[in-house]
Structures are given as C-alpha cells and as structure tokens.
>>> print(open('upload-v9.csv').read())   # CSV, C-alpha atoms and all ligand atoms
chain,number,residue,atom,x,y,z
A,1,MET,CA,-50.5,-7.2,17.2
A,2,GLN,CA,-52.5,-4.1,17.9
A,3,VAL,CA,-52.1,-1.0,15.9
A,4,LEU,CA,-52.7,2.3,17.8
A,5,SER,CA,-53.1,5.7,16.2
A,6,SER,CA,-54.2,8.0,19.0
A,7,ARG,CA,-52.6,9.0,22.3
A,8,ALA,CA,-55.7,7.8,24.2
A,9,GLN,CA,-55.4,4.3,22.8
A,10,VAL,CA,-51.7,4.2,23.9
A,11,GLU,CA,-52.6,5.5,27.4
A,12,LYS,CA,-55.2,2.8,27.7
A,13,GLN,CA,-52.9,0.0,26.7
A,14,VAL,CA,-50.0,1.3,28.8
A,15,ASN,CA,-52.2,1.7,31.9
A,16,ALA,CA,-53.5,-1.9,31.4
A,17,LEU,CA,-50.1,-3.4,31.3
A,18,LYS,CA,-48.8,-1.3,34.2
A,19,ASN,CA,-51.7,-2.6,36.3
A,20,LYS,CA,-50.6,-6.1,35.4
A,21,GLN,CA,-47.0,-5.2,36.3
A,22,LEU,CA,-45.8,-6.2,32.9
A,23,THR,CA,-42.6,-4.5,31.5
A,24,LEU,CA,-42.7,-2.6,28.3
A,25,GLY,CA,-39.9,-2.3,25.7
A,26,PHE,CA,-40.0,0.6,23.2
A,27,VAL,CA,-38.5,0.8,19.7
A,28,PRO,CA,-39.0,4.3,18.1
A,29,THR,CA,-38.6,4.3,14.3
A,30,MET,CA,-39.5,6.3,11.2
A,31,GLY,CA,-40.7,3.3,9.4
A,32,ALA,CA,-39.5,1.8,6.0
A,33,LEU,CA,-38.4,-1.0,8.3
A,34,HIS,CA,-35.5,-3.4,7.6
A,35,GLN,CA,-33.6,-6.0,9.6
A,36,GLY,CA,-31.8,-3.3,11.6
A,37,HIS,CA,-35.1,-2.2,13.1
A,38,ILE,CA,-36.3,-5.8,13.5
A,39,SER,CA,-33.1,-6.6,15.5
A,40,LEU,CA,-34.2,-3.9,18.0
A,41,ILE,CA,-37.7,-5.5,18.3
A,42,GLU,CA,-35.9,-8.9,18.9
A,43,LYS,CA,-33.8,-7.4,21.7
A,44,SER,CA,-36.9,-5.8,23.2
A,45,ARG,CA,-38.7,-9.1,23.2
A,46,GLN,CA,-35.8,-10.9,24.8
A,47,SER,CA,-35.9,-8.7,27.9
A,48,CYS,CA,-39.4,-7.2,28.2
A,49,ASP,CA,-42.9,-8.7,28.6
A,50,LEU,CA,-44.4,-6.6,25.8
A,51,SER,CA,-42.8,-4.5,22.9
A,52,LEU,CA,-44.1,-1.4,21.3
A,53,CYS,CA,-42.8,0.0,18.1
A,54,SER,CA,-43.6,3.6,17.0
A,55,ILE,CA,-43.6,4.6,13.3
A,56,PHE,CA,-43.5,8.3,12.8
A,57,VAL,CA,-41.6,10.3,10.2
A,58,ASN,CA,-40.8,13.2,12.5
A,59,PRO,CA,-40.9,16.4,10.4
A,60,ARG,CA,-39.1,18.4,13.2
A,61,GLN,CA,-35.9,16.4,12.9
A,62,PHE,CA,-35.4,17.0,9.1
A,63,ASN,CA,-33.3,20.1,8.4
A,64,ASP,CA,-33.7,19.5,4.6
A,65,PRO,CA,-37.3,19.6,3.3
A,66,ALA,CA,-36.3,17.6,0.2
A,67,ASP,CA,-35.0,14.8,2.5
A,68,LEU,CA,-38.3,14.8,4.4
A,69,ALA,CA,-40.3,14.7,1.1
A,70,ARG,CA,-38.3,11.8,-0.4
A,71,TYR,CA,-38.0,9.8,2.9
A,72,PRO,CA,-39.3,6.3,2.1
A,73,ARG,CA,-42.7,5.2,3.5
A,74,SER,CA,-44.0,1.6,3.4
A,75,PRO,CA,-46.6,1.3,6.2
A,76,GLN,CA,-48.2,-2.0,5.1
A,77,LYS,CA,-44.9,-3.8,4.7
A,78,ASP,CA,-43.8,-2.4,8.0
A,79,LEU,CA,-46.8,-3.9,9.8
A,80,ASP,CA,-46.2,-7.2,8.1
A,81,LEU,CA,-42.6,-7.3,9.3
A,82,LEU,CA,-43.5,-6.2,12.8
A,83,GLN,CA,-46.2,-8.9,13.0
A,84,LYS,CA,-43.8,-11.6,11.8
A,85,ALA,CA,-41.2,-10.3,14.4
A,86,GLY,CA,-43.7,-10.8,17.2
A,87,CYS,CA,-44.2,-7.1,18.1
A,88,ASP,CA,-47.2,-6.6,20.4
A,89,LEU,CA,-48.1,-2.9,19.8
A,90,VAL,CA,-47.5,-0.5,17.0
A,91,PHE,CA,-48.1,3.3,17.5
A,92,MET,CA,-48.6,5.3,14.3
A,93,PRO,CA,-49.4,8.9,15.5
A,94,GLN,CA,-50.3,11.9,13.5
A,95,ALA,CA,-48.0,15.0,13.9
A,96,GLU,CA,-51.0,17.2,14.8
A,97,GLU,CA,-51.8,15.1,17.8
A,98,LEU,CA,-48.3,14.3,19.0
A,99,TYR,CA,-47.4,18.0,18.8
A,100,ALA,CA,-50.8,19.3,19.9
A,101,ASP,CA,-49.2,21.1,22.9
A,102,GLY,CA,-47.4,23.4,20.5
A,103,GLY,CA,-44.1,23.3,22.5
A,104,HIS,CA,-40.7,23.8,21.0
A,105,GLU,CA,-38.6,23.1,24.1
A,106,GLU,CA,-34.8,22.9,23.9
A,107,TYR,CA,-32.4,20.9,26.0
A,108,ASP,CA,-28.8,21.6,26.8
A,109,PHE,CA,-26.8,18.5,25.6
A,110,GLY,CA,-23.4,20.3,25.8
A,111,ARG,CA,-21.2,19.4,22.9
A,112,LEU,CA,-23.2,16.2,22.1
A,113,ASP,CA,-25.7,17.9,19.8
A,114,LYS,CA,-23.3,20.5,18.4
A,115,VAL,CA,-20.6,18.4,16.6
A,116,LEU,CA,-20.8,15.9,13.7
A,117,GLU,CA,-24.5,15.4,12.8
A,118,GLY,CA,-25.4,18.4,15.0
A,119,ALA,CA,-23.0,20.7,13.0
A,120,GLN,CA,-24.1,19.4,9.6
A,121,ARG,CA,-27.8,19.2,10.3
A,122,PRO,CA,-28.9,22.3,12.4
A,123,GLY,CA,-31.9,21.6,14.6
A,124,HIS,CA,-31.8,17.8,13.9
A,125,PHE,CA,-31.2,16.7,17.5
A,126,LYS,CA,-33.6,19.4,18.8
A,127,GLY,CA,-36.3,17.7,16.7
A,128,VAL,CA,-35.2,14.2,17.9
A,129,ALA,CA,-35.4,15.3,21.5
A,130,GLN,CA,-38.8,16.9,21.0
A,131,VAL,CA,-40.4,13.8,19.5
A,132,LEU,CA,-38.7,11.4,21.9
A,133,SER,CA,-39.6,13.3,25.1
A,134,ARG,CA,-43.3,13.2,24.0
A,135,LEU,CA,-43.1,9.5,23.1
A,136,PHE,CA,-41.3,8.5,26.3
A,137,LYS,CA,-43.8,10.4,28.5
A,138,LEU,CA,-46.7,8.8,26.7
A,139,VAL,CA,-45.4,5.2,26.3
A,140,LYS,CA,-43.7,5.1,29.7
A,141,PRO,CA,-41.4,2.2,28.6
A,142,ASP,CA,-39.1,0.4,31.0
A,143,LYS,CA,-36.5,0.1,28.3
A,144,ALA,CA,-35.9,1.8,25.0
A,145,PHE,CA,-33.8,0.3,22.3
A,146,PHE,CA,-31.6,2.3,19.9
A,147,GLY,CA,-29.2,1.3,17.1
A,148,GLN,CA,-25.6,2.2,17.4
A,149,LYS,CA,-25.8,3.1,13.7
A,150,ASP,CA,-27.0,6.4,14.9
A,151,TYR,CA,-24.3,6.5,17.6
A,152,GLN,CA,-24.5,10.3,18.3
A,153,GLN,CA,-28.3,10.0,18.6
A,154,TYR,CA,-27.8,7.2,21.2
A,155,LEU,CA,-25.6,9.5,23.3
A,156,VAL,CA,-28.1,12.4,23.0
A,157,VAL,CA,-31.0,10.1,24.0
A,158,LYS,CA,-29.1,8.9,27.1
A,159,GLU,CA,-28.6,12.5,28.1
A,160,LEU,CA,-32.2,13.4,27.4
A,161,VAL,CA,-33.4,10.6,29.7
A,162,LYS,CA,-31.0,11.9,32.4
A,163,LEU,CA,-32.2,15.5,32.0
A,164,LEU,CA,-35.9,14.4,32.1
A,165,LYS,CA,-35.2,12.1,35.0
A,166,LEU,CA,-37.2,9.3,33.4
A,167,PRO,CA,-37.1,5.8,35.0
A,168,LEU,CA,-36.0,4.4,31.6
A,169,GLU,CA,-33.1,2.3,30.5
A,170,VAL,CA,-31.6,3.2,27.1
A,171,ILE,CA,-30.2,0.1,25.5
A,172,PRO,CA,-27.7,0.4,22.6
A,173,CYS,CA,-27.9,-2.3,19.9
A,174,PRO,CA,-25.2,-3.3,17.3
A,175,ILE,CA,-25.3,-2.2,13.7
A,176,VAL,CA,-26.9,-4.6,11.3
A,177,ARG,CA,-25.2,-4.7,7.9
A,178,GLU,CA,-25.9,-5.8,4.4
A,179,ALA,CA,-23.8,-8.7,2.9
A,180,ASP,CA,-21.2,-6.2,1.6
A,181,GLY,CA,-20.9,-4.4,4.9
A,182,LEU,CA,-23.1,-1.4,4.2
A,183,ALA,CA,-25.1,-0.5,7.3
A,184,MET,CA,-28.8,-1.1,6.7
A,185,SER,CA,-30.7,2.1,6.4
A,186,SER,CA,-34.1,3.1,5.1
A,187,ARG,CA,-32.3,5.5,2.8
A,188,ASN,CA,-30.5,2.7,1.1
A,189,SER,CA,-33.6,2.0,-0.9
A,190,LEU,CA,-33.3,5.5,-2.5
A,191,LEU,CA,-29.9,4.6,-4.1
A,192,SER,CA,-29.7,3.8,-7.8
A,193,PRO,CA,-27.9,0.5,-8.6
A,194,GLU,CA,-24.7,2.5,-9.4
A,195,GLU,CA,-25.0,4.5,-6.2
A,196,ARG,CA,-25.6,1.3,-4.2
A,197,ALA,CA,-22.4,-0.1,-5.6
A,198,LEU,CA,-20.5,3.0,-4.8
A,199,ALA,CA,-21.9,3.0,-1.2
A,200,ALA,CA,-19.9,-0.2,-0.5
A,201,ASN,CA,-16.9,2.1,-0.2
A,202,ILE,CA,-18.3,3.3,3.2
A,203,PRO,CA,-17.9,0.0,5.1
A,204,PHE,CA,-14.6,-0.5,3.2
A,205,TRP,CA,-13.3,2.8,4.7
A,206,MET,CA,-14.5,1.9,8.2
A,207,ASN,CA,-12.6,-1.4,8.0
A,208,LYS,CA,-9.6,0.4,6.6
A,209,ALA,CA,-9.7,2.9,9.5
A,210,ARG,CA,-9.7,0.0,12.0
A,211,GLU,CA,-6.7,-1.6,10.2
A,212,LEU,CA,-4.7,1.7,10.0
A,213,ALA,CA,-5.4,2.4,13.7
A,214,GLN,CA,-3.1,-0.5,14.6
A,215,ARG,CA,-0.1,1.4,13.3
A,216,LEU,CA,-1.0,5.1,12.9
A,217,ASP,CA,-2.2,7.8,15.2
A,218,ALA,CA,-5.8,9.2,15.1
A,219,ASP,CA,-4.9,12.3,13.0
A,220,GLN,CA,-3.0,10.1,10.5
A,221,VAL,CA,-5.8,7.6,10.2
A,222,ALA,CA,-8.3,10.4,9.6
A,223,ALA,CA,-6.0,12.0,7.0
A,224,GLU,CA,-5.7,8.7,5.1
A,225,ILE,CA,-9.4,8.0,5.1
A,226,ARG,CA,-10.3,11.6,4.1
A,227,ALA,CA,-7.8,11.3,1.2
A,228,MET,CA,-9.4,8.0,0.1
A,229,MET,CA,-12.9,9.5,0.3
A,230,ALA,CA,-11.9,12.5,-1.8
A,231,ASN,CA,-10.7,10.1,-4.5
A,232,VAL,CA,-14.0,8.5,-5.3
A,233,ASN,CA,-16.2,10.2,-7.9
A,234,GLY,CA,-19.9,10.2,-6.9
A,235,ILE,CA,-19.3,10.3,-3.2
A,236,ARG,CA,-19.0,13.6,-1.3
A,237,SER,CA,-17.7,13.4,2.2
A,238,ASP,CA,-19.5,15.4,4.9
A,239,TYR,CA,-17.1,14.4,7.7
A,240,PHE,CA,-14.8,11.6,8.9
A,241,GLU,CA,-13.8,12.1,12.5
A,242,ILE,CA,-12.2,10.0,15.2
A,243,CYS,CA,-13.7,10.8,18.6
A,244,HIS,CA,-13.9,9.7,22.2
A,245,PRO,CA,-17.0,7.4,22.4
A,246,GLU,CA,-18.4,8.9,25.6
A,247,ASP,CA,-18.5,12.6,24.8
A,248,LEU,CA,-17.4,12.8,21.1
A,249,SER,CA,-14.5,15.0,21.9
A,250,PRO,CA,-11.8,14.7,19.2
A,251,CYS,CA,-9.1,12.0,19.5
A,252,HIS,CA,-5.5,12.8,18.7
A,253,GLY,CA,-2.4,10.6,19.3
A,254,ASN,CA,-2.4,6.8,19.6
A,255,VAL,CA,-5.7,4.9,19.1
A,256,LEU,CA,-6.3,2.7,22.2
A,257,PRO,CA,-8.6,-0.2,21.7
A,258,GLY,CA,-12.2,0.7,22.5
A,259,GLN,CA,-11.3,4.3,23.4
A,260,SER,CA,-12.0,5.8,20.0
A,261,ILE,CA,-14.8,5.7,17.5
A,262,ALA,CA,-14.6,6.6,13.8
A,263,LEU,CA,-17.7,8.4,12.5
A,264,LEU,CA,-18.5,9.1,8.9
A,265,ALA,CA,-21.2,10.9,6.9
A,266,ALA,CA,-21.2,11.1,3.1
A,267,TYR,CA,-23.5,11.9,0.2
A,268,VAL,CA,-23.8,9.2,-2.4
A,269,GLY,CA,-25.5,11.2,-5.1
A,270,LYS,CA,-28.2,13.0,-3.2
A,271,ILE,CA,-28.5,10.5,-0.5
A,272,ARG,CA,-26.7,11.1,2.8
A,273,LEU,CA,-25.5,8.0,4.6
A,274,ILE,CA,-23.7,7.6,8.0
A,275,ASP,CA,-21.7,4.9,9.6
A,276,ASN,CA,-19.4,4.4,12.6
A,277,SER,CA,-17.1,1.9,14.1
A,278,LEU,CA,-15.2,1.5,17.3
A,279,LEU,CA,-11.5,1.4,16.6
B,301,LIG,P1,-34.9,5.3,12.0
B,301,LIG,O1,-36.1,4.6,11.6
B,301,LIG,O2,-33.8,5.4,11.0
B,301,LIG,O3,-35.1,6.5,12.9
B,301,LIG,O4,-34.2,4.2,13.1
B,301,LIG,C1,-34.9,3.7,14.2
B,301,LIG,C2,-34.0,3.0,15.0
B,301,LIG,O5,-33.4,1.9,14.3
B,301,LIG,C3,-32.8,3.8,15.5
B,301,LIG,O6,-32.5,3.5,16.9
B,301,LIG,C4,-31.7,3.4,14.6
B,301,LIG,O7,-30.4,3.6,15.2
B,301,LIG,C5,-32.0,1.9,14.4
B,301,LIG,N1,-31.4,1.4,13.2
B,301,LIG,C6,-31.4,1.9,12.0
B,301,LIG,N2,-30.6,1.2,11.1
B,301,LIG,C7,-30.0,0.3,11.9
B,301,LIG,C8,-29.1,-0.7,11.6
B,301,LIG,N3,-28.6,-0.9,10.4
B,301,LIG,N4,-28.7,-1.5,12.7
B,301,LIG,C9,-29.1,-1.3,13.9
B,301,LIG,N5,-30.0,-0.4,14.2
B,301,LIG,C10,-30.5,0.4,13.2
>>> encode(input="upload-v9.csv", output="structure tokens")
Amino acid sequence: MQVLSSRAQVEKQVNALKNKQLTLGFVPTMGALHQGHISLIEKSRQSCDLSLCSIFVNPRQFNDPADLARYPRSPQKDLDLLQKAGCDLVFMPQAEELYADGGHEEYDFGRLDKVLEGAQRPGHFKGVAQVLSRLFKLVKPDKAFFGQKDYQQYLVVKELVKLLKLPLEVIPCPIVREADGLAMSSRNSLLSPEERALAANIPFWMNKARELAQRLDADQVAAEIRAMMANVNGIRSDYFEICHPEDLSPCHGNVLPGQSIALLAAYVGKIRLIDNSLL
C-alpha cells in the first residue's frame, strides 16, 4: 500500500494506472475508520483493479467548530486497517494544498441540499461538494463508493457528478451496523458508556418505523416516532422525516414498500448521530 500526501504524487500514480488501462475505485473518508468504511473498500476491490482511499477531515463541511475540533483522528490505526483490507493507495492531503486554488464555488442541487441535513447544518453540503469536486478531478476514479448511512450525501454526490459531467459511477453501499443495530460512525467513539447505551434507541426507532409503516400512514408513523423520541431523556431529536428516496420530498399518505425512506438525526449528549431506513 502506498501513502500519498501531495497532489503531484496522486497525479503520477493516476497517470501510471490510466496508461495501463487499469480501473480505479475511490473511497473518500474523514478517517477514524471502522468496518463501515472498510465495507466500501471491499466493494471497490470487488469491481475495480485498484482502490484509493482518501483520509481528510474537511474543515469546510463542518458548520460547528466544536464538532470539527473534537472529530476523532486515528491515522496510524486507519493505515493498519486499510493495509489489512487490501487497499492499494491512500491519499492524506493537507487543506492548504487541496484548497490552494482558493475557490468557494457553489452548485445548485435544488431541494437536495436544503432539507434535513442541509437545513440543520448550513453550508455542510457546499463544503462536501467543494472537497469532492477537487478530489474527483484529481483522482479521476472510474467508480466512487458512498455509504447509504449518509443517504442525503449520496444523492447530493450523484447530482454533483451529473453537474460536473464527470465519467464516474457513484455506487451506494449498505449501512454497516453494530451488534445492537446502531449504525457504525466515527462519532460513536465520542459517546460515554451511558450515551452509547442510549444511542441504541436510534436503530430501535428505525425498526419501529418500519413496523408501523405496515399499518399507519406516513404522517402517523412520523408522529409516533417523534413522540417516542421526545420521551427519552438524554436524546434530543433534530428531525425525523419520511421522504421520497429520489428527491427527499415529504411523503404523506400510505407508505408503499421501497417508495419511502425514514431519516433521523438526534443529539445523544453533545454528539449528533444520523440514521435512515427504507420503509
Ligand atoms: P465519513 O468518514 O464519515 O465521511 O464517511 C466516509 C464514507 O463512509 C461515506 O461514504 C459514509 O457514508 C461511509 N460510511 C460511514 N459509516 C458507514 C456505515 N456505518 N456503513 C456504511 N458506510 C458508512
């Protein structure tokens, strides 16, 4: 496995493999890697000749400076995990070099970046788009792998690739969960043992939403889950919404299988967690 830290090193590697007509799979991450990230590397390895993982805690996508300051970082452990997973290339850029052009471009994603995470975290998707547009243009991958844990991000990225007209396939990958159902997240390591126990409510509510959707309409399911969330001390709901999975427009009326997705964000103590599930 080769670890690259400059744009020039990436360009050299990418040119070499393009000359050999090898395909490249790309997994962008912010590090503090866990099995969810590794599942993306595995997916990439299954369908591409070589796989590149980037590790970069992108300051531009944090709307809360405290969240950026406490974001977990474990570079050596990350490299060990990537090596074991058979990753070929790792890119660990510096912000100064990645953003050397000084650009703060904006894209029109319609409603996709304005609702849910977009509404609660102003500027978040602008920052995501700014880092990914630079990484995509540099790495020139054939496929890029994204977890459905960040479902809204996956939709925004698909739109970004369309707007930039990049010859790149965006592949969604299933959510990897802990034994009690909590979606794996780098932020889980910041939870105290008590908060970690409370966080198990989140997958419980997602399962409950699926169960209720068999007999209640979308508004009724949302009302029931919001009431349950309001009843747990130590968890503060940010949102629970049921939306159409293609454009995140709100769902009302009957929940048809595969046509609705429940999305949730909540603070457990100071740590903000998200989850989602197709209903
Ligand atoms: P992050 O490091 O949080 O920016 O995540 C990097 C990539 O890993 C994103 O595509 C995430 O959606 C994906 N990811 C994070 N957690 C999980 C998980 N539990 N299951 C699947 N993919 C995940």
>>> residues_near_ligand(input="upload-v9.csv", ligand="ligand LIG 301 (chain B)", cutoff="10 Å", atoms="all atoms listed in the file", output="PyMOL selection string")
chain A and resi 27-41+53-58+61+128+144-154+157+171-178+182-187+274-275
>>> closest_residue(input="upload-v9.csv", among="A:Ala266, A:Ile271, A:Leu52, A:Ala227", to="Leu138 in chain A", atoms="all atoms listed in the file")
A:Leu52
>>> closest_atom_pairs(input="upload-v9.csv", of="range 38-76 of chain A", to="range 112-120 of chain A", cutoff="12 Å", atoms="all atoms listed in the file", output="JSON lines")
{"residue": "A:Gln61", "atom": "CA", "partner": "A:Gly118", "partner_atom": "CA", "distance": 10.9}
{"residue": "A:Phe62", "atom": "CA", "partner": "A:Gln120", "partner_atom": "CA", "distance": 11.6}
{"residue": "A:Asn63", "atom": "CA", "partner": "A:Gln120", "partner_atom": "CA", "distance": 9.3}
{"residue": "A:Asp64", "atom": "CA", "partner": "A:Gln120", "partner_atom": "CA", "distance": 10.8}
>>> closest_residue(input="upload-v9.csv", among="A:Lys162, A:His124, A:Lys12, A:Arg70", to="Lys270 in chain A", atoms="all atoms listed in the file")
A:Arg70
>>> closest_residue(input="upload-v9.csv", among="A:Met228, A:Leu163, A:Val268, A:Ala218", to="Asn188 in chain A", atoms="all atoms listed in the file")
A:Val268
>>> residues_near_point(input="upload-v9.csv", point="(-50.6, -2.1, 14.7)", cutoff="12 Å", atoms="all atoms listed in the file", output="VMD selection string")
chain A and resid 1 to 6 9 to 10 51 to 55 75 to 83 86 to 93
>>> atom_distance(input="upload-v9.csv", atom1="CA of Ala262 in chain A", atom2="CA of Asn276 in chain A")
5.4 Å
>>> atom_distance(input="upload-v9.csv", atom1="CA of Phe109 in chain A", atom2="CA of Glu159 in chain A")
6.7 Å
>>> closest_residue(input="upload-v9.csv", among="A:Leu263, A:Tyr107, A:Asn15, A:Leu256", to="Ile225 in chain A", atoms="only C-alpha atoms")
A:Leu263
>>> build_atoms(input="upload-v9.csv", residues="range 99-122 of chain A", atoms="N, CA, C and O atoms", output="PDB file, in the coordinates of the input")
ATOM      1  N   TYR A  99     -47.878  16.698  18.527  1.00  0.00           N
ATOM      2  CA  TYR A  99     -47.400  18.000  18.800  1.00  0.00           C
ATOM      3  C   TYR A  99     -48.497  19.019  19.178  1.00  0.00           C
ATOM      4  O   TYR A  99     -48.329  20.230  19.048  1.00  0.00           O
ATOM      5  N   ALA A 100     -49.633  18.468  19.634  1.00  0.00           N
ATOM      6  CA  ALA A 100     -50.800  19.300  19.900  1.00  0.00           C
ATOM      7  C   ALA A 100     -50.469  20.385  20.970  1.00  0.00           C
ATOM      8  O   ALA A 100     -51.068  21.468  20.986  1.00  0.00           O
ATOM      9  N   ASP A 101     -49.508  20.102  21.853  1.00  0.00           N
ATOM     10  CA  ASP A 101     -49.200  21.100  22.900  1.00  0.00           C
ATOM     11  C   ASP A 101     -48.477  22.312  22.353  1.00  0.00           C
ATOM     12  O   ASP A 101     -48.372  23.337  23.032  1.00  0.00           O
ATOM     13  N   GLY A 102     -47.974  22.207  21.110  1.00  0.00           N
ATOM     14  CA  GLY A 102     -47.400  23.400  20.500  1.00  0.00           C
ATOM     15  C   GLY A 102     -45.977  23.741  20.989  1.00  0.00           C
ATOM     16  O   GLY A 102     -45.403  24.744  20.560  1.00  0.00           O
ATOM     17  N   GLY A 103     -45.440  22.953  21.909  1.00  0.00           N
ATOM     18  CA  GLY A 103     -44.100  23.300  22.500  1.00  0.00           C
ATOM     19  C   GLY A 103     -42.968  23.099  21.590  1.00  0.00           C
ATOM     20  O   GLY A 103     -42.981  22.218  20.731  1.00  0.00           O
ATOM     21  N   HIS A 104     -41.968  23.960  21.741  1.00  0.00           N
ATOM     22  CA  HIS A 104     -40.700  23.800  21.000  1.00  0.00           C
ATOM     23  C   HIS A 104     -39.550  23.859  21.972  1.00  0.00           C
ATOM     24  O   HIS A 104     -38.635  24.676  21.838  1.00  0.00           O
ATOM     25  N   GLU A 105     -39.624  23.025  22.992  1.00  0.00           N
ATOM     26  CA  GLU A 105     -38.600  23.100  24.100  1.00  0.00           C
ATOM     27  C   GLU A 105     -37.230  22.711  23.573  1.00  0.00           C
ATOM     28  O   GLU A 105     -37.082  21.980  22.589  1.00  0.00           O
ATOM     29  N   GLU A 106     -36.235  23.215  24.292  1.00  0.00           N
ATOM     30  CA  GLU A 106     -34.800  22.900  23.900  1.00  0.00           C
ATOM     31  C   GLU A 106     -34.124  22.397  25.177  1.00  0.00           C
ATOM     32  O   GLU A 106     -34.450  22.769  26.296  1.00  0.00           O
ATOM     33  N   TYR A 107     -33.150  21.543  24.930  1.00  0.00           N
ATOM     34  CA  TYR A 107     -32.400  20.900  26.000  1.00  0.00           C
ATOM     35  C   TYR A 107     -30.912  21.293  25.831  1.00  0.00           C
ATOM     36  O   TYR A 107     -30.463  21.510  24.714  1.00  0.00           O
ATOM     37  N   ASP A 108     -30.190  21.287  26.934  1.00  0.00           N
ATOM     38  CA  ASP A 108     -28.800  21.600  26.800  1.00  0.00           C
ATOM     39  C   ASP A 108     -28.005  20.226  26.866  1.00  0.00           C
ATOM     40  O   ASP A 108     -27.877  19.594  27.915  1.00  0.00           O
ATOM     41  N   PHE A 109     -27.527  19.814  25.693  1.00  0.00           N
ATOM     42  CA  PHE A 109     -26.800  18.500  25.600  1.00  0.00           C
ATOM     43  C   PHE A 109     -25.268  18.776  25.568  1.00  0.00           C
ATOM     44  O   PHE A 109     -24.528  17.868  25.207  1.00  0.00           O
ATOM     45  N   GLY A 110     -24.842  19.999  25.904  1.00  0.00           N
ATOM     46  CA  GLY A 110     -23.400  20.300  25.800  1.00  0.00           C
ATOM     47  C   GLY A 110     -22.898  20.140  24.416  1.00  0.00           C
ATOM     48  O   GLY A 110     -23.569  20.563  23.477  1.00  0.00           O
ATOM     49  N   ARG A 111     -21.732  19.483  24.267  1.00  0.00           N
ATOM     50  CA  ARG A 111     -21.200  19.400  22.900  1.00  0.00           C
ATOM     51  C   ARG A 111     -21.896  18.278  22.094  1.00  0.00           C
ATOM     52  O   ARG A 111     -21.783  18.226  20.873  1.00  0.00           O
ATOM     53  N   LEU A 112     -22.653  17.395  22.776  1.00  0.00           N
ATOM     54  CA  LEU A 112     -23.200  16.200  22.100  1.00  0.00           C
ATOM     55  C   LEU A 112     -24.041  16.501  20.879  1.00  0.00           C
ATOM     56  O   LEU A 112     -24.052  15.740  19.922  1.00  0.00           O
ATOM     57  N   ASP A 113     -24.798  17.622  20.913  1.00  0.00           N
ATOM     58  CA  ASP A 113     -25.700  17.900  19.800  1.00  0.00           C
ATOM     59  C   ASP A 113     -25.094  19.018  18.876  1.00  0.00           C
ATOM     60  O   ASP A 113     -25.784  19.520  17.995  1.00  0.00           O
ATOM     61  N   LYS A 114     -23.829  19.375  19.133  1.00  0.00           N
ATOM     62  CA  LYS A 114     -23.300  20.500  18.400  1.00  0.00           C
ATOM     63  C   LYS A 114     -22.245  20.045  17.332  1.00  0.00           C
ATOM     64  O   LYS A 114     -21.966  20.765  16.373  1.00  0.00           O
ATOM     65  N   VAL A 115     -21.658  18.850  17.527  1.00  0.00           N
ATOM     66  CA  VAL A 115     -20.600  18.400  16.600  1.00  0.00           C
ATOM     67  C   VAL A 115     -21.227  17.403  15.606  1.00  0.00           C
ATOM     68  O   VAL A 115     -22.406  17.028  15.710  1.00  0.00           O
ATOM     69  N   LEU A 116     -20.441  16.997  14.608  1.00  0.00           N
ATOM     70  CA  LEU A 116     -20.800  15.900  13.700  1.00  0.00           C
ATOM     71  C   LEU A 116     -22.190  16.157  13.053  1.00  0.00           C
ATOM     72  O   LEU A 116     -22.419  17.141  12.380  1.00  0.00           O
ATOM     73  N   GLU A 117     -23.147  15.253  13.340  1.00  0.00           N
ATOM     74  CA  GLU A 117     -24.500  15.400  12.800  1.00  0.00           C
ATOM     75  C   GLU A 117     -25.116  16.741  13.222  1.00  0.00           C
ATOM     76  O   GLU A 117     -25.850  17.377  12.467  1.00  0.00           O
ATOM     77  N   GLY A 118     -24.837  17.154  14.447  1.00  0.00           N
ATOM     78  CA  GLY A 118     -25.400  18.400  15.000  1.00  0.00           C
ATOM     79  C   GLY A 118     -24.896  19.616  14.184  1.00  0.00           C
ATOM     80  O   GLY A 118     -25.649  20.553  13.922  1.00  0.00           O
ATOM     81  N   ALA A 119     -23.610  19.568  13.797  1.00  0.00           N
ATOM     82  CA  ALA A 119     -23.000  20.700  13.000  1.00  0.00           C
ATOM     83  C   ALA A 119     -23.545  20.675  11.602  1.00  0.00           C
ATOM     84  O   ALA A 119     -23.781  21.730  11.023  1.00  0.00           O
ATOM     85  N   GLN A 120     -23.706  19.483  11.032  1.00  0.00           N
ATOM     86  CA  GLN A 120     -24.100  19.400   9.600  1.00  0.00           C
ATOM     87  C   GLN A 120     -25.608  19.505   9.419  1.00  0.00           C
ATOM     88  O   GLN A 120     -26.065  19.827   8.328  1.00  0.00           O
ATOM     89  N   ARG A 121     -26.377  19.182  10.459  1.00  0.00           N
ATOM     90  CA  ARG A 121     -27.800  19.200  10.300  1.00  0.00           C
ATOM     91  C   ARG A 121     -28.447  20.032  11.433  1.00  0.00           C
ATOM     92  O   ARG A 121     -28.983  19.493  12.416  1.00  0.00           O
ATOM     93  N   PRO A 122     -28.388  21.360  11.271  1.00  0.00           N
ATOM     94  CA  PRO A 122     -28.900  22.300  12.400  1.00  0.00           C
ATOM     95  C   PRO A 122     -30.304  21.929  12.754  1.00  0.00           C
ATOM     96  O   PRO A 122     -31.164  21.760  11.897  1.00  0.00           O
TER      97      PRO A 122
END
